[in-house]
file query-v7.txt (compact mmCIF, N, CA and C atoms)
# COMPACT_ATOMS: atom_id res chain seq x y z
N MET A 1437 -26.40 4.05 9.47
CA MET A 1437 -26.15 4.28 8.06
C MET A 1437 -24.69 4.69 7.82
N PHE A 1438 -24.20 5.60 8.67
CA PHE A 1438 -22.82 6.06 8.53
C PHE A 1438 -21.85 4.92 8.82
N LYS A 1439 -22.19 4.06 9.82
CA LYS A 1439 -21.33 2.92 10.13
C LYS A 1439 -21.25 1.97 8.95
N ASN A 1440 -22.39 1.75 8.28
CA ASN A 1440 -22.40 0.88 7.09
C ASN A 1440 -21.52 1.45 5.99
N PHE A 1441 -21.60 2.75 5.82
CA PHE A 1441 -20.78 3.41 4.80
C PHE A 1441 -19.30 3.22 5.10
N LEU A 1442 -18.91 3.45 6.37
CA LEU A 1442 -17.51 3.28 6.76
C LEU A 1442 -17.05 1.84 6.60
N THR A 1443 -17.92 0.89 6.91
CA THR A 1443 -17.58 -0.52 6.78
C THR A 1443 -17.34 -0.87 5.31
N VAL A 1444 -18.23 -0.44 4.45
CA VAL A 1444 -18.08 -0.71 3.01
C VAL A 1444 -16.83 -0.03 2.47
N LEU A 1445 -16.59 1.20 2.88
CA LEU A 1445 -15.41 1.92 2.44
C LEU A 1445 -14.13 1.22 2.90
N SER A 1446 -14.11 0.76 4.14
CA SER A 1446 -12.94 0.04 4.67
C SER A 1446 -12.69 -1.23 3.89
N ILE A 1447 -13.73 -1.96 3.56
CA ILE A 1447 -13.59 -3.20 2.80
C ILE A 1447 -13.04 -2.91 1.42
N LEU A 1448 -13.56 -1.87 0.78
CA LEU A 1448 -13.08 -1.51 -0.56
C LEU A 1448 -11.60 -1.12 -0.53
N VAL A 1449 -11.21 -0.38 0.49
CA VAL A 1449 -9.81 0.03 0.60
C VAL A 1449 -8.92 -1.19 0.80
N LEU A 1450 -9.32 -2.09 1.69
CA LEU A 1450 -8.53 -3.29 1.94
C LEU A 1450 -8.44 -4.18 0.71
N VAL A 1451 -9.54 -4.34 0.01
CA VAL A 1451 -9.55 -5.18 -1.18
C VAL A 1451 -8.70 -4.57 -2.28
N SER A 1452 -8.83 -3.26 -2.47
CA SER A 1452 -8.07 -2.63 -3.55
C SER A 1452 -6.58 -2.58 -3.23
N CYS A 1453 -6.22 -2.46 -1.98
CA CYS A 1453 -4.80 -2.44 -1.60
C CYS A 1453 -4.18 -3.82 -1.76
N GLY A 1454 -4.96 -4.85 -1.62
CA GLY A 1454 -4.43 -6.20 -1.72
C GLY A 1454 -4.26 -6.68 -3.14
N GLN A 1455 -4.85 -5.98 -4.09
CA GLN A 1455 -4.73 -6.41 -5.47
C GLN A 1455 -3.35 -6.08 -6.00
N ASN A 1456 -2.81 -7.00 -6.74
CA ASN A 1456 -1.50 -6.80 -7.34
C ASN A 1456 -1.71 -6.32 -8.77
N THR A 1457 -1.62 -5.04 -8.95
CA THR A 1457 -1.83 -4.49 -10.28
C THR A 1457 -0.47 -4.27 -10.93
N THR A 1458 -0.32 -4.79 -12.11
CA THR A 1458 0.92 -4.58 -12.85
C THR A 1458 0.57 -3.79 -14.10
N SER A 1459 1.30 -2.76 -14.29
CA SER A 1459 1.08 -1.97 -15.48
C SER A 1459 2.29 -2.14 -16.39
N THR A 1460 2.00 -2.23 -17.65
CA THR A 1460 3.10 -2.35 -18.60
C THR A 1460 3.36 -0.99 -19.20
N VAL A 1461 4.59 -0.64 -19.19
CA VAL A 1461 5.02 0.63 -19.76
C VAL A 1461 5.89 0.30 -20.96
N GLU A 1462 5.53 0.89 -22.08
CA GLU A 1462 6.34 0.66 -23.26
C GLU A 1462 7.71 1.24 -23.04
N SER A 1463 8.71 0.46 -23.41
CA SER A 1463 10.06 0.98 -23.24
C SER A 1463 10.32 2.04 -24.29
N GLU A 1464 10.85 3.12 -23.83
CA GLU A 1464 11.12 4.25 -24.71
C GLU A 1464 12.59 4.60 -24.56
N ASP A 1465 13.26 4.78 -25.67
CA ASP A 1465 14.66 5.16 -25.60
C ASP A 1465 14.75 6.56 -25.03
N LYS A 1466 15.45 6.67 -23.95
CA LYS A 1466 15.61 7.97 -23.30
C LYS A 1466 16.93 8.59 -23.76
N ALA A 1467 16.87 9.87 -24.00
CA ALA A 1467 18.08 10.58 -24.37
C ALA A 1467 18.95 10.76 -23.13
N LEU A 1468 20.22 10.62 -23.30
CA LEU A 1468 21.18 10.77 -22.22
C LEU A 1468 21.95 12.06 -22.44
N ALA A 1469 21.89 12.94 -21.48
CA ALA A 1469 22.58 14.23 -21.60
C ALA A 1469 24.08 14.02 -21.45
N ASP A 1470 24.75 13.92 -22.58
CA ASP A 1470 26.20 13.73 -22.54
C ASP A 1470 26.95 14.93 -23.09
N ALA A 1471 26.21 15.98 -23.42
CA ALA A 1471 26.84 17.21 -23.92
C ALA A 1471 25.99 18.41 -23.51
N LYS A 1472 26.66 19.55 -23.44
CA LYS A 1472 25.98 20.80 -23.10
C LYS A 1472 26.44 21.86 -24.09
N ALA A 1473 25.47 22.60 -24.62
CA ALA A 1473 25.80 23.70 -25.53
C ALA A 1473 25.22 24.99 -24.97
N GLU A 1474 25.99 26.06 -25.10
CA GLU A 1474 25.54 27.39 -24.70
C GLU A 1474 25.56 28.27 -25.94
N PHE A 1475 24.39 28.81 -26.26
CA PHE A 1475 24.23 29.65 -27.45
C PHE A 1475 23.94 31.08 -27.03
N ILE A 1476 24.59 32.04 -27.65
CA ILE A 1476 24.21 33.44 -27.53
C ILE A 1476 23.29 33.71 -28.72
N ILE A 1477 22.09 34.20 -28.42
CA ILE A 1477 21.07 34.39 -29.45
C ILE A 1477 20.71 35.87 -29.56
N GLU A 1478 20.90 36.41 -30.73
CA GLU A 1478 20.54 37.80 -31.02
C GLU A 1478 19.12 37.82 -31.61
N GLY A 1479 18.41 38.91 -31.39
CA GLY A 1479 17.11 39.10 -32.02
C GLY A 1479 15.92 38.86 -31.12
N MET A 1480 16.14 38.39 -29.89
CA MET A 1480 15.02 38.20 -28.97
C MET A 1480 14.57 39.55 -28.43
N VAL A 1481 13.24 39.75 -28.32
CA VAL A 1481 12.73 41.02 -27.82
C VAL A 1481 11.98 40.88 -26.50
N CYS A 1482 11.69 39.64 -26.05
CA CYS A 1482 11.03 39.48 -24.75
C CYS A 1482 11.20 38.05 -24.23
N GLN A 1483 11.04 37.89 -22.91
CA GLN A 1483 11.19 36.58 -22.28
C GLN A 1483 9.98 35.70 -22.58
N ALA A 1484 8.79 36.25 -22.40
CA ALA A 1484 7.58 35.44 -22.52
C ALA A 1484 7.35 34.95 -23.95
N GLY A 1485 7.66 35.78 -24.92
CA GLY A 1485 7.42 35.39 -26.30
C GLY A 1485 8.60 34.70 -26.94
N CYS A 1486 9.65 35.44 -27.14
CA CYS A 1486 10.81 34.92 -27.89
C CYS A 1486 11.54 33.80 -27.16
N ALA A 1487 11.96 34.06 -25.94
CA ALA A 1487 12.75 33.07 -25.22
C ALA A 1487 11.94 31.80 -24.98
N ALA A 1488 10.70 31.95 -24.58
CA ALA A 1488 9.86 30.78 -24.34
C ALA A 1488 9.62 30.00 -25.63
N PHE A 1489 9.42 30.71 -26.74
CA PHE A 1489 9.20 30.06 -28.03
C PHE A 1489 10.44 29.26 -28.47
N ILE A 1490 11.61 29.87 -28.35
CA ILE A 1490 12.84 29.17 -28.73
C ILE A 1490 13.04 27.94 -27.85
N ASP A 1491 12.78 28.09 -26.56
CA ASP A 1491 12.90 26.97 -25.63
C ASP A 1491 11.98 25.82 -26.02
N GLU A 1492 10.73 26.13 -26.32
CA GLU A 1492 9.77 25.09 -26.73
C GLU A 1492 10.20 24.40 -28.02
N GLU A 1493 10.68 25.16 -28.98
CA GLU A 1493 11.10 24.58 -30.25
C GLU A 1493 12.33 23.69 -30.09
N LEU A 1494 13.27 24.10 -29.25
CA LEU A 1494 14.45 23.28 -29.00
C LEU A 1494 14.06 21.95 -28.37
N GLU A 1495 13.14 22.00 -27.41
CA GLU A 1495 12.74 20.78 -26.70
C GLU A 1495 11.97 19.81 -27.58
N LYS A 1496 11.52 20.25 -28.73
CA LYS A 1496 10.84 19.35 -29.67
C LYS A 1496 11.83 18.46 -30.43
N LEU A 1497 13.09 18.87 -30.48
CA LEU A 1497 14.10 18.09 -31.18
C LEU A 1497 14.40 16.79 -30.43
N ASP A 1498 14.51 15.69 -31.16
CA ASP A 1498 14.92 14.43 -30.54
C ASP A 1498 16.33 14.59 -30.01
N GLY A 1499 16.54 14.13 -28.79
CA GLY A 1499 17.86 14.18 -28.20
C GLY A 1499 18.07 15.32 -27.23
N ILE A 1500 17.14 16.28 -27.19
CA ILE A 1500 17.25 17.37 -26.23
C ILE A 1500 16.71 16.89 -24.89
N VAL A 1501 17.55 16.95 -23.88
CA VAL A 1501 17.14 16.52 -22.55
C VAL A 1501 16.55 17.70 -21.77
N LYS A 1502 17.19 18.85 -21.90
CA LYS A 1502 16.73 20.03 -21.17
C LYS A 1502 17.25 21.27 -21.88
N SER A 1503 16.40 22.28 -21.95
CA SER A 1503 16.87 23.55 -22.49
C SER A 1503 16.32 24.69 -21.65
N GLU A 1504 17.11 25.72 -21.51
CA GLU A 1504 16.70 26.93 -20.80
C GLU A 1504 17.17 28.13 -21.61
N VAL A 1505 16.23 28.99 -21.96
CA VAL A 1505 16.56 30.18 -22.74
C VAL A 1505 16.25 31.41 -21.88
N ASP A 1506 17.24 32.28 -21.74
CA ASP A 1506 17.07 33.48 -20.93
C ASP A 1506 17.20 34.73 -21.81
N PHE A 1507 16.15 35.53 -21.79
CA PHE A 1507 16.11 36.74 -22.62
C PHE A 1507 17.17 37.76 -22.20
N GLU A 1508 17.28 38.02 -20.90
CA GLU A 1508 18.17 39.08 -20.42
C GLU A 1508 19.63 38.83 -20.78
N SER A 1509 20.07 37.59 -20.65
CA SER A 1509 21.47 37.28 -20.95
C SER A 1509 21.67 36.85 -22.41
N LYS A 1510 20.56 36.70 -23.15
CA LYS A 1510 20.57 36.22 -24.53
C LYS A 1510 21.17 34.81 -24.63
N LEU A 1511 21.06 34.06 -23.55
CA LEU A 1511 21.73 32.77 -23.45
C LEU A 1511 20.74 31.62 -23.48
N ALA A 1512 21.06 30.62 -24.29
CA ALA A 1512 20.32 29.35 -24.29
C ALA A 1512 21.30 28.27 -23.85
N VAL A 1513 20.93 27.53 -22.82
CA VAL A 1513 21.75 26.43 -22.33
C VAL A 1513 20.97 25.15 -22.60
N VAL A 1514 21.61 24.24 -23.35
CA VAL A 1514 20.92 23.02 -23.78
C VAL A 1514 21.75 21.80 -23.39
N ASP A 1515 21.12 20.90 -22.64
CA ASP A 1515 21.72 19.59 -22.34
C ASP A 1515 21.13 18.62 -23.35
N TYR A 1516 22.00 17.85 -24.01
CA TYR A 1516 21.51 17.00 -25.09
C TYR A 1516 22.35 15.75 -25.26
N ASP A 1517 21.78 14.82 -26.00
CA ASP A 1517 22.45 13.57 -26.34
C ASP A 1517 23.08 13.78 -27.71
N ASN A 1518 24.41 13.87 -27.76
CA ASN A 1518 25.05 14.20 -29.03
C ASN A 1518 25.06 13.05 -30.03
N SER A 1519 24.56 11.88 -29.64
CA SER A 1519 24.40 10.80 -30.61
C SER A 1519 23.06 10.94 -31.34
N LEU A 1520 22.17 11.80 -30.82
CA LEU A 1520 20.85 11.97 -31.43
C LEU A 1520 20.67 13.33 -32.10
N VAL A 1521 21.38 14.33 -31.64
CA VAL A 1521 21.24 15.67 -32.21
C VAL A 1521 22.59 16.38 -32.09
N SER A 1522 22.88 17.24 -33.05
CA SER A 1522 24.15 17.98 -33.02
C SER A 1522 23.88 19.45 -32.73
N GLU A 1523 24.93 20.13 -32.32
CA GLU A 1523 24.80 21.57 -32.10
C GLU A 1523 24.50 22.29 -33.41
N TYR A 1524 24.92 21.72 -34.52
CA TYR A 1524 24.64 22.33 -35.83
C TYR A 1524 23.15 22.29 -36.13
N ALA A 1525 22.48 21.20 -35.76
CA ALA A 1525 21.03 21.11 -35.96
C ALA A 1525 20.29 22.13 -35.11
N MET A 1526 20.79 22.35 -33.89
CA MET A 1526 20.16 23.35 -33.02
C MET A 1526 20.39 24.76 -33.55
N ILE A 1527 21.60 25.03 -34.06
CA ILE A 1527 21.88 26.34 -34.64
C ILE A 1527 20.97 26.58 -35.85
N ASP A 1528 20.85 25.58 -36.72
CA ASP A 1528 19.99 25.71 -37.89
C ASP A 1528 18.54 25.97 -37.48
N LEU A 1529 18.08 25.26 -36.46
CA LEU A 1529 16.71 25.46 -35.99
C LEU A 1529 16.51 26.89 -35.51
N ILE A 1530 17.38 27.35 -34.62
CA ILE A 1530 17.23 28.70 -34.05
C ILE A 1530 17.31 29.75 -35.15
N ASN A 1531 18.26 29.61 -36.07
CA ASN A 1531 18.44 30.61 -37.13
C ASN A 1531 17.30 30.65 -38.13
N THR A 1532 16.47 29.61 -38.19
CA THR A 1532 15.37 29.60 -39.15
C THR A 1532 14.01 29.88 -38.51
N LEU A 1533 13.96 30.02 -37.20
CA LEU A 1533 12.69 30.31 -36.53
C LEU A 1533 12.20 31.70 -36.88
N LYS A 1534 10.89 31.85 -36.97
CA LYS A 1534 10.24 33.15 -37.21
C LYS A 1534 10.89 33.90 -38.38
N ASP A 1535 11.01 33.20 -39.51
CA ASP A 1535 11.59 33.80 -40.71
C ASP A 1535 12.98 34.39 -40.45
N SER A 1536 13.79 33.63 -39.74
CA SER A 1536 15.19 34.00 -39.44
C SER A 1536 15.32 35.26 -38.61
N LEU A 1537 14.38 35.48 -37.71
CA LEU A 1537 14.43 36.63 -36.81
C LEU A 1537 15.59 36.52 -35.82
N TYR A 1538 15.89 35.28 -35.40
CA TYR A 1538 16.94 35.05 -34.41
C TYR A 1538 18.23 34.61 -35.08
N LYS A 1539 19.34 34.93 -34.44
CA LYS A 1539 20.64 34.57 -34.99
C LYS A 1539 21.55 34.12 -33.86
N VAL A 1540 22.11 32.93 -34.00
CA VAL A 1540 23.09 32.45 -33.03
C VAL A 1540 24.41 33.13 -33.35
N SER A 1541 24.93 33.88 -32.38
CA SER A 1541 26.18 34.60 -32.62
C SER A 1541 27.38 33.92 -31.99
N SER A 1542 27.14 33.01 -31.06
CA SER A 1542 28.25 32.34 -30.39
C SER A 1542 27.77 31.00 -29.85
N VAL A 1543 28.66 30.00 -29.88
CA VAL A 1543 28.33 28.68 -29.37
C VAL A 1543 29.53 28.13 -28.61
N GLU A 1544 29.25 27.57 -27.44
CA GLU A 1544 30.27 26.83 -26.70
C GLU A 1544 29.69 25.46 -26.40
N VAL A 1545 30.47 24.42 -26.70
CA VAL A 1545 30.03 23.05 -26.49
C VAL A 1545 30.96 22.38 -25.50
N GLU A 1546 30.34 21.67 -24.55
CA GLU A 1546 31.10 20.92 -23.57
C GLU A 1546 30.62 19.47 -23.60
N ILE A 1547 31.56 18.55 -23.78
CA ILE A 1547 31.22 17.13 -23.73
C ILE A 1547 31.27 16.72 -22.27
N LEU A 1548 30.13 16.28 -21.74
CA LEU A 1548 30.03 15.94 -20.33
C LEU A 1548 30.46 14.51 -20.04
N GLN A 1549 30.22 13.65 -21.02
CA GLN A 1549 30.48 12.24 -20.80
C GLN A 1549 30.82 11.61 -22.14
N THR A 1550 31.81 10.77 -22.16
CA THR A 1550 32.14 10.08 -23.40
C THR A 1550 31.81 8.61 -23.24
N VAL A 1551 31.39 8.03 -24.31
CA VAL A 1551 31.07 6.61 -24.32
C VAL A 1551 32.29 5.88 -24.84
N GLU A 1552 32.81 5.00 -24.03
CA GLU A 1552 34.00 4.27 -24.40
C GLU A 1552 33.62 3.02 -25.16
N GLN A 1553 34.22 2.84 -26.32
CA GLN A 1553 33.99 1.64 -27.11
C GLN A 1553 35.16 0.69 -26.88
N VAL A 1554 34.82 -0.53 -26.51
CA VAL A 1554 35.84 -1.52 -26.22
C VAL A 1554 35.61 -2.71 -27.12
N LYS A 1555 36.66 -3.16 -27.74
CA LYS A 1555 36.58 -4.34 -28.57
C LYS A 1555 36.86 -5.55 -27.69
N ILE A 1556 35.96 -6.51 -27.73
CA ILE A 1556 36.09 -7.70 -26.88
C ILE A 1556 36.58 -8.84 -27.74
N ASP A 1557 37.65 -9.45 -27.32
CA ASP A 1557 38.21 -10.61 -28.03
C ASP A 1557 37.49 -11.86 -27.52
N THR A 1558 36.84 -12.54 -28.40
CA THR A 1558 36.05 -13.72 -28.00
C THR A 1558 36.79 -15.02 -28.22
N HIS A 1559 38.06 -14.97 -28.58
CA HIS A 1559 38.82 -16.20 -28.82
C HIS A 1559 39.57 -16.64 -27.61
call {"tool": "encode", "arguments": {"input": "query-v7.txt", "output": "structure tokens"}}
result
Amino acid sequence: MFKNFLTVLSILVLVSCGQNTTSTVESEDKALADAKAEFIIEGMVCQAGCAAFIDEELEKLDGIVKSEVDFESKLAVVDYDNSLVSEYAMIDLINTLKDSLYKVSSVEVEILQTVEQVKIDTH
């Protein structure tokens, strides 16, 4: 009985491995982190609540690739696609969360990568 089970299992494994399964994945425009912003945020009272909440809300914005909010340093570091979202939109978001409990007191922006536009002469 056990030999029959192993034989059937082996056949199933061999058959399933031989199948060529192709899956289609819808193409989704991915944000490219070409800028980094560092925000000093006043008004946070804890890591688990405030910092985590701000981090979650930032990541909901289109164009945010990665965000990390640290309660102890009052620092939010955000990697983002500046063609999809601006630092001004992030400041507005943070300043309006929880009935304006939080306030961005300082911002530093670094452009990590620039997109070069080249005009091609076709004549």
call {"tool": "atom_distance", "arguments": {"input": "query-v7.txt", "atom1": "atom CA of A:Ala1467", "atom2": "atom CA of A:Ile1530"}}
result
20.6 Å
call {"tool": "atom_distance", "arguments": {"input": "query-v7.txt", "atom1": "atom C of A:Cys1486", "atom2": "atom N of A:Ser1519"}}
result
25.6 Å
call {"tool": "atom_distance", "arguments": {"input": "query-v7.txt", "atom1": "atom C of A:Asp1535", "atom2": "atom C of A:Leu1511"}}
result
18.9 Å
call {"tool": "closest_residue", "arguments": {"input": "query-v7.txt", "among": "A:Leu1468, A:Ile1500, A:Ala1487, A:Ala1473", "to": "A:Glu1523", "atoms": "only N, CA and C atoms"}}
result
A:Ala1473
call {"tool": "residues_around", "arguments": {"input": "query-v7.txt", "residues": "A:Glu1544", "least_positions_apart": "3", "cutoff": "10 Å", "atoms": "only C-alpha atoms", "output": "mmCIF file with N, CA and C atoms, keeping the file's coordinate frame"}}
result
data_model
loop_
_atom_site.group_PDB
_atom_site.id
_atom_site.type_symbol
_atom_site.label_atom_id
_atom_site.label_comp_id
_atom_site.auth_asym_id
_atom_site.auth_seq_id
_atom_site.Cartn_x
_atom_site.Cartn_y
_atom_site.Cartn_z
ATOM 1 N N LYS A 1472 26.660 19.550 -23.440
ATOM 2 C CA LYS A 1472 25.980 20.800 -23.100
ATOM 3 C C LYS A 1472 26.440 21.860 -24.090
ATOM 4 N N ALA A 1473 25.470 22.600 -24.620
ATOM 5 C CA ALA A 1473 25.800 23.700 -25.530
ATOM 6 C C ALA A 1473 25.220 24.990 -24.970
ATOM 7 N N GLU A 1474 25.990 26.060 -25.100
ATOM 8 C CA GLU A 1474 25.540 27.390 -24.700
ATOM 9 C C GLU A 1474 25.560 28.270 -25.940
ATOM 10 N N PHE A 1475 24.390 28.810 -26.260
ATOM 11 C CA PHE A 1475 24.230 29.650 -27.450
ATOM 12 C C PHE A 1475 23.940 31.080 -27.030
ATOM 13 N N ILE A 1476 24.590 32.040 -27.650
ATOM 14 C CA ILE A 1476 24.210 33.440 -27.530
ATOM 15 C C ILE A 1476 23.290 33.710 -28.720
ATOM 16 N N VAL A 1513 20.930 27.530 -22.820
ATOM 17 C CA VAL A 1513 21.750 26.430 -22.330
ATOM 18 C C VAL A 1513 20.970 25.150 -22.600
ATOM 19 N N GLU A 1523 24.930 20.130 -32.320
ATOM 20 C CA GLU A 1523 24.800 21.570 -32.100
ATOM 21 C C GLU A 1523 24.500 22.290 -33.410
#
call {"tool": "closest_residue", "arguments": {"input": "query-v7.txt", "among": "A:Met1526, A:Ala1471, A:Lys1502, A:Val1514", "to": "A:Gln1549", "atoms": "only N, CA and C atoms"}}
result
A:Ala1471
